[in-house]
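Listing of entry_7.txt, compact mmCIF, C-alpha atoms
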# COMPACT_ATOMS: atom_id res chain seq x y z
CA MET N 1 -23.63 59.93 -48.57
CA ARG N 2 -23.74 56.92 -46.26
CA THR N 3 -26.34 54.17 -46.61
CA VAL N 4 -26.98 51.54 -43.97
CA ILE N 5 -28.54 48.34 -45.32
CA VAL N 6 -30.29 46.15 -42.75
CA PHE N 7 -30.47 42.72 -44.40
CA ASN N 8 -32.26 39.61 -43.13
CA HIS N 9 -32.29 36.33 -45.04
CA PRO N 10 -30.39 33.18 -43.99
CA TYR N 11 -30.05 31.67 -47.47
CA GLU N 12 -27.36 33.09 -49.75
CA GLY N 13 -29.15 31.78 -52.84
CA SER N 14 -32.35 33.70 -52.09
CA PHE N 15 -33.82 36.41 -54.29
CA CYS N 16 -33.40 38.75 -51.32
CA ASN N 17 -29.66 38.19 -51.59
CA ALA N 18 -29.79 39.02 -55.31
CA ILE N 19 -31.65 42.21 -54.37
CA LEU N 20 -28.93 43.04 -51.86
CA GLN N 21 -26.27 42.68 -54.56
CA ALA N 22 -28.20 44.83 -57.05
CA VAL N 23 -28.91 47.59 -54.53
CA THR N 24 -25.30 47.60 -53.31
CA LYS N 25 -23.98 47.77 -56.87
CA GLY N 26 -26.26 50.70 -57.64
CA LEU N 27 -25.25 52.58 -54.50
CA HIS N 28 -21.56 52.07 -55.29
CA LYS N 29 -22.16 53.43 -58.79
CA ALA N 30 -23.66 56.49 -57.11
CA GLY N 31 -20.48 56.91 -55.10
CA GLN N 32 -22.20 56.14 -51.81
CA GLU N 33 -20.63 54.47 -48.80
CA VAL N 34 -22.51 51.27 -47.95
CA ASP N 35 -22.62 49.87 -44.42
CA LEU N 36 -24.18 46.38 -44.40
CA MET N 37 -25.79 45.05 -41.25
CA HIS N 38 -26.26 41.40 -42.23
CA LEU N 39 -28.34 40.21 -39.28
CA ASP N 40 -27.96 36.51 -40.10
CA ARG N 41 -24.19 36.54 -40.60
CA ASP N 42 -23.78 38.80 -37.58
CA GLY N 43 -25.67 36.29 -35.44
CA PHE N 44 -28.02 39.00 -34.20
CA ASN N 45 -30.21 37.78 -31.34
CA PRO N 46 -33.75 39.14 -31.80
CA ALA N 47 -34.99 38.21 -28.32
CA MET N 48 -35.40 40.99 -25.75
CA SER N 49 -33.73 40.13 -22.46
CA GLN N 50 -34.34 41.56 -19.01
CA GLY N 51 -31.20 43.64 -19.46
CA ASP N 52 -32.51 44.94 -22.79
CA LEU N 53 -35.76 46.03 -21.18
CA GLN N 54 -33.91 47.82 -18.40
CA ALA N 55 -31.71 49.50 -21.01
CA PHE N 56 -34.84 50.46 -22.98
CA VAL N 57 -36.26 52.24 -19.92
CA ALA N 58 -32.91 53.87 -19.14
CA HIS N 59 -32.47 54.98 -22.79
CA GLN N 60 -29.01 53.42 -22.78
CA PRO N 61 -28.31 50.15 -24.67
CA VAL N 62 -26.01 47.66 -22.97
CA ASP N 63 -25.53 44.89 -25.54
CA PRO N 64 -22.25 45.54 -27.46
CA GLN N 65 -23.78 44.52 -30.78
CA VAL N 66 -26.78 46.78 -30.27
CA ILE N 67 -24.48 49.64 -29.27
CA ASP N 68 -22.46 49.06 -32.45
CA TYR N 69 -25.58 49.04 -34.65
CA CYS N 70 -26.88 52.21 -32.98
CA GLY N 71 -23.61 54.03 -33.57
CA ARG N 72 -23.67 53.10 -37.24
CA LEU N 73 -27.29 54.20 -37.64
CA LYS N 74 -26.41 57.63 -36.28
CA LYS N 75 -24.05 58.11 -39.23
CA ALA N 76 -26.60 57.05 -41.87
CA ASP N 77 -28.06 59.39 -44.48
CA GLN N 78 -30.48 56.67 -45.56
CA VAL N 79 -31.49 53.25 -44.31
CA ILE N 80 -32.63 50.37 -46.52
CA PHE N 81 -34.26 47.24 -45.08
CA ILE N 82 -34.27 44.08 -47.23
CA PHE N 83 -36.14 40.99 -46.04
CA PRO N 84 -38.73 38.38 -47.10
CA ILE N 85 -42.34 38.46 -45.96
CA TRP N 86 -43.07 35.24 -44.06
CA TRP N 87 -46.61 34.57 -42.84
CA ASP N 88 -47.56 38.10 -43.95
CA ILE N 89 -45.01 39.95 -41.81
CA MET N 90 -41.25 40.42 -41.40
CA PRO N 91 -39.02 37.59 -40.08
CA ALA N 92 -38.39 37.41 -36.33
CA THR N 93 -34.83 38.73 -36.70
CA THR N 94 -36.00 41.92 -38.40
CA LYS N 95 -38.68 42.37 -35.74
CA GLY N 96 -36.03 41.89 -33.07
CA PHE N 97 -33.88 44.56 -34.71
CA ILE N 98 -36.81 46.97 -34.45
CA ASP N 99 -37.41 46.06 -30.80
CA ARG N 100 -33.79 46.08 -29.63
CA VAL N 101 -32.00 48.60 -31.87
CA LEU N 102 -34.62 51.23 -32.76
CA ALA N 103 -34.68 52.30 -29.13
CA PRO N 104 -35.51 55.50 -27.24
CA GLY N 105 -32.57 57.74 -26.56
CA VAL N 106 -30.94 56.56 -29.78
CA VAL N 107 -33.41 56.59 -32.68
CA TYR N 108 -36.21 58.61 -31.06
CA ASP N 109 -37.24 60.24 -27.82
CA HIS N 110 -40.47 61.29 -26.20
CA HIS N 111 -41.63 64.81 -26.92
CA PRO N 112 -40.80 67.14 -23.97
CA ARG N 113 -44.47 68.14 -23.79
CA GLY N 114 -45.37 64.50 -23.20
CA PHE N 115 -47.19 63.78 -26.46
CA GLY N 116 -45.67 62.11 -29.50
CA LEU N 117 -42.12 61.16 -30.40
CA VAL N 118 -39.13 63.12 -31.67
CA PRO N 119 -36.65 61.64 -34.21
CA LEU N 120 -33.01 61.61 -33.08
CA LEU N 121 -31.24 60.38 -36.23
CA THR N 122 -30.60 63.88 -37.51
CA ASN N 123 -28.69 62.76 -40.64
CA LEU N 124 -31.42 60.38 -41.80
CA LYS N 125 -33.07 61.58 -45.00
CA SER N 126 -35.00 58.48 -46.08
CA VAL N 127 -36.02 54.94 -45.15
CA THR N 128 -36.73 52.34 -47.83
CA ILE N 129 -38.22 48.88 -47.21
CA ILE N 130 -37.65 46.23 -49.91
CA THR N 131 -39.55 42.97 -49.50
CA THR N 132 -40.23 39.72 -51.35
CA MET N 133 -43.24 37.42 -51.02
CA ASN N 134 -45.01 34.65 -52.90
CA LYS N 135 -48.55 36.02 -52.51
CA PRO N 136 -50.09 38.12 -55.28
CA GLY N 137 -49.93 41.80 -54.40
CA ILE N 138 -53.71 42.28 -54.65
CA MET N 139 -54.31 39.44 -52.18
CA TYR N 140 -51.80 40.89 -49.71
CA SER N 141 -53.43 44.29 -50.03
CA LEU N 142 -57.10 43.32 -49.85
CA LEU N 143 -57.07 40.27 -47.58
CA ILE N 144 -54.07 40.96 -45.35
CA GLY N 145 -54.13 44.75 -45.38
CA ASN N 146 -50.54 45.54 -46.40
CA LEU N 147 -49.12 44.83 -42.93
CA ILE N 148 -45.61 45.94 -43.85
CA ARG N 149 -46.87 49.41 -44.69
CA LYS N 150 -48.87 49.55 -41.46
CA VAL N 151 -46.15 48.18 -39.19
CA MET N 152 -42.85 49.40 -40.66
CA LEU N 153 -43.82 52.68 -42.25
CA ARG N 154 -46.73 53.95 -40.17
CA SER N 155 -46.40 52.34 -36.74
CA VAL N 156 -42.59 52.48 -36.51
CA PHE N 157 -40.92 55.20 -38.56
CA ARG N 158 -43.79 57.65 -39.08
CA THR N 159 -44.70 57.44 -35.39
CA MET N 160 -41.06 58.24 -34.54
CA GLY N 161 -41.31 61.34 -36.70
CA TYR N 162 -39.40 60.23 -39.79
CA ARG N 163 -40.55 61.15 -43.29
CA ASN N 164 -39.63 60.18 -46.88
CA LEU N 165 -40.58 56.55 -46.33
CA LYS N 166 -40.82 54.08 -49.23
CA TRP N 167 -41.83 50.44 -49.66
CA ILE N 168 -40.79 48.41 -52.72
CA SER N 169 -42.67 45.11 -52.83
CA PHE N 170 -41.85 42.19 -55.13
CA THR N 171 -44.73 39.73 -55.25
CA ARG N 172 -45.32 36.17 -56.54
CA VAL N 173 -41.55 35.77 -56.59
CA LYS N 174 -41.53 31.96 -56.71
CA THR N 175 -43.63 31.83 -59.89
CA ARG N 176 -41.92 34.64 -61.80
CA ARG N 177 -39.82 33.87 -64.86
CA GLN N 178 -36.08 34.45 -64.63
CA GLU N 179 -36.37 37.23 -67.20
CA LYS N 180 -38.74 39.11 -64.91
CA ARG N 181 -36.44 38.69 -61.92
CA VAL N 182 -33.50 40.03 -63.93
CA GLN N 183 -35.64 42.97 -65.01
CA TRP N 184 -36.46 43.73 -61.37
CA LEU N 185 -32.82 43.55 -60.33
CA GLU N 186 -31.67 45.78 -63.17
CA GLY N 187 -34.36 48.29 -62.25
CA LEU N 188 -33.20 48.36 -58.63
CA GLU N 189 -29.59 48.86 -59.67
CA ARG N 190 -30.58 51.78 -61.92
CA LYS N 191 -32.79 53.28 -59.22
CA PHE N 192 -30.09 53.39 -56.57
CA ALA N 193 -27.35 54.35 -59.01
CA ALA N 194 -29.45 57.43 -59.82
CA THR N 195 -29.11 58.67 -56.23
CA ALA N 196 -25.82 60.26 -57.32
CA SER N 197 -27.82 62.99 -59.07
CA ARG N 198 -30.04 63.80 -56.09

Transcribe the structure of this file into structure tokens.
Amino acid sequence: MRTVIVFNHPYEGSFCNAILQAVTKGLHKAGQEVDLMHLDRDGFNPAMSQGDLQAFVAHQPVDPQVIDYCGRLKKADQVIFIFPIWWDIMPATTKGFIDRVLAPGVVYDHHPRGFGLVPLLTNLKSVTIITTMNKPGIMYSLLIGNLIRKVMLRSVFRTMGYRNLKWISFTRVKTRRQEKRVQWLEGLERKFAATASR
């Protein structure tokens, strides 16, 4: 089984980076192949250019990095996104990945009858979003409206026709005790190590 991890956090000392290490360790224990797309280290440019828009319409990416990412996504059995929530939504680089890489002709296409979208990543069995934030979960849910669920799960992947979508949210990260953070990380490692039995 091949897992693509799309990671976005510029600071190596972040809790997101600790999550990345725990998830990767668990997946390796499960005997899975892990393909890391580290958007920050890769220098991924999130801005759509005129050429990108023309490629979007033509259903044929032209940027070599986007082409590379698309080819790797086609081989994925599952995709895991890991990023922080900043100002209630994903960072710009993750949004740019959605805009530039999750493109028609590669990840989805329009239904031949003209209504709805058809998923094209035929190997993809699941998509998991793992996020961190400093807000309390209840505040994010009631006041903000769980934007990650609305944008990433419903508006993007469910609209494209993908199912088995999950969101793991770690809240109030800055104020949590170290013991709690370790507990979270150990839980993630166990969770993804258990994929060997699925």

Next item on the list: Name the closest residue to His59 in chain N among the candidates N:Val101, N:Ile80, N:Ser155, N:Gln178; distances are taken between atoms, counting only C-alpha atoms.
Entry: N:Val101

Write out as a JSON list (two decimals) with C-alpha atoms, in the frame of the given file each polymer residue whose atoms come within 8 Å of range 23-31 of chain N, counting all atoms listed in the file; drop sequence neighbours fewer than 2 positions from it.
[["chain", "number", "residue", "atom", "x", "y", "z"],
["N", 1, "MET", "CA", -23.63, 59.93, -48.57],
["N", 19, "ILE", "CA", -31.65, 42.21, -54.37],
["N", 20, "LEU", "CA", -28.93, 43.04, -51.86],
["N", 21, "GLN", "CA", -26.27, 42.68, -54.56],
["N", 33, "GLU", "CA", -20.63, 54.47, -48.80],
["N", 34, "VAL", "CA", -22.51, 51.27, -47.95],
["N", 188, "LEU", "CA", -33.20, 48.36, -58.63],
["N", 189, "GLU", "CA", -29.59, 48.86, -59.67],
["N", 190, "ARG", "CA", -30.58, 51.78, -61.92],
["N", 191, "LYS", "CA", -32.79, 53.28, -59.22],
["N", 192, "PHE", "CA", -30.09, 53.39, -56.57],
["N", 193, "ALA", "CA", -27.35, 54.35, -59.01],
["N", 194, "ALA", "CA", -29.45, 57.43, -59.82],
["N", 195, "THR", "CA", -29.11, 58.67, -56.23],
["N", 196, "ALA", "CA", -25.82, 60.26, -57.32],
["N", 197, "SER", "CA", -27.82, 62.99, -59.07]]

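Rounded to one decimal, CA of Leu121 in chain N and CA of Pro104 in chain N lie 11.1 Å from each other.
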
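Checking N:Arg177, N:Arg172, N:Lys95, N:Arg154 one by one against Tyr140 in chain N, counting only C-alpha atoms, you find the shortest gap at N:Arg172.
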
Check: Can you tell me how far CA of Asn45 in chain N sits from CA of Ile82 in chain N, in Å to one decimal?
Finding: 17.6 Å

Check: Closest to Cys16 in chain N among N:Thr3, N:Gln78, N:Thr132, N:Ser169, using only C-alpha atoms?
Finding: N:Thr132

Margin query: Please compute the CA of Glu179 in chain N-CA of Phe83 in chain N distance, one decimal, in Å.
Written below: 21.5 Å

Notebook entry, point to check: Could you name the residues that touch Pro84 in chain N at 8 Å or less, counting all atoms listed in the file, but leaving out those on the same chain fewer than 2 positions away, as a VMD selection string?
Noted result: chain N and resid 8 to 9 16 82 86 90 to 91 131 to 133

Write to file, as a compact mmCIF listing (two decimals), in the coordinates of the input, the residues of the selection just made, with C-alpha atoms.
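Just written: part_2.txt:
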# COMPACT_ATOMS: atom_id res chain seq x y z
CA ASN N 8 -32.26 39.61 -43.13
CA HIS N 9 -32.29 36.33 -45.04
CA CYS N 16 -33.40 38.75 -51.32
CA ILE N 82 -34.27 44.08 -47.23
CA TRP N 86 -43.07 35.24 -44.06
CA MET N 90 -41.25 40.42 -41.40
CA PRO N 91 -39.02 37.59 -40.08
CA THR N 131 -39.55 42.97 -49.50
CA THR N 132 -40.23 39.72 -51.35
CA MET N 133 -43.24 37.42 -51.02

Item checked: Surrounding residues of Phe44 in chain N excluding itself and chain neighbours under 3 positions, 8 Å, all atoms listed in the file, as a ChimeraX atom specification -> /N:39-41,65,93

Item checked: Nearest to Gly43 in chain N, chosen from N:Asn17, N:Gly71, N:Pro119, N:Pro10, with only C-alpha atoms counted in the distances ->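 Nearest to Gly43 in chain N: N:Pro10.
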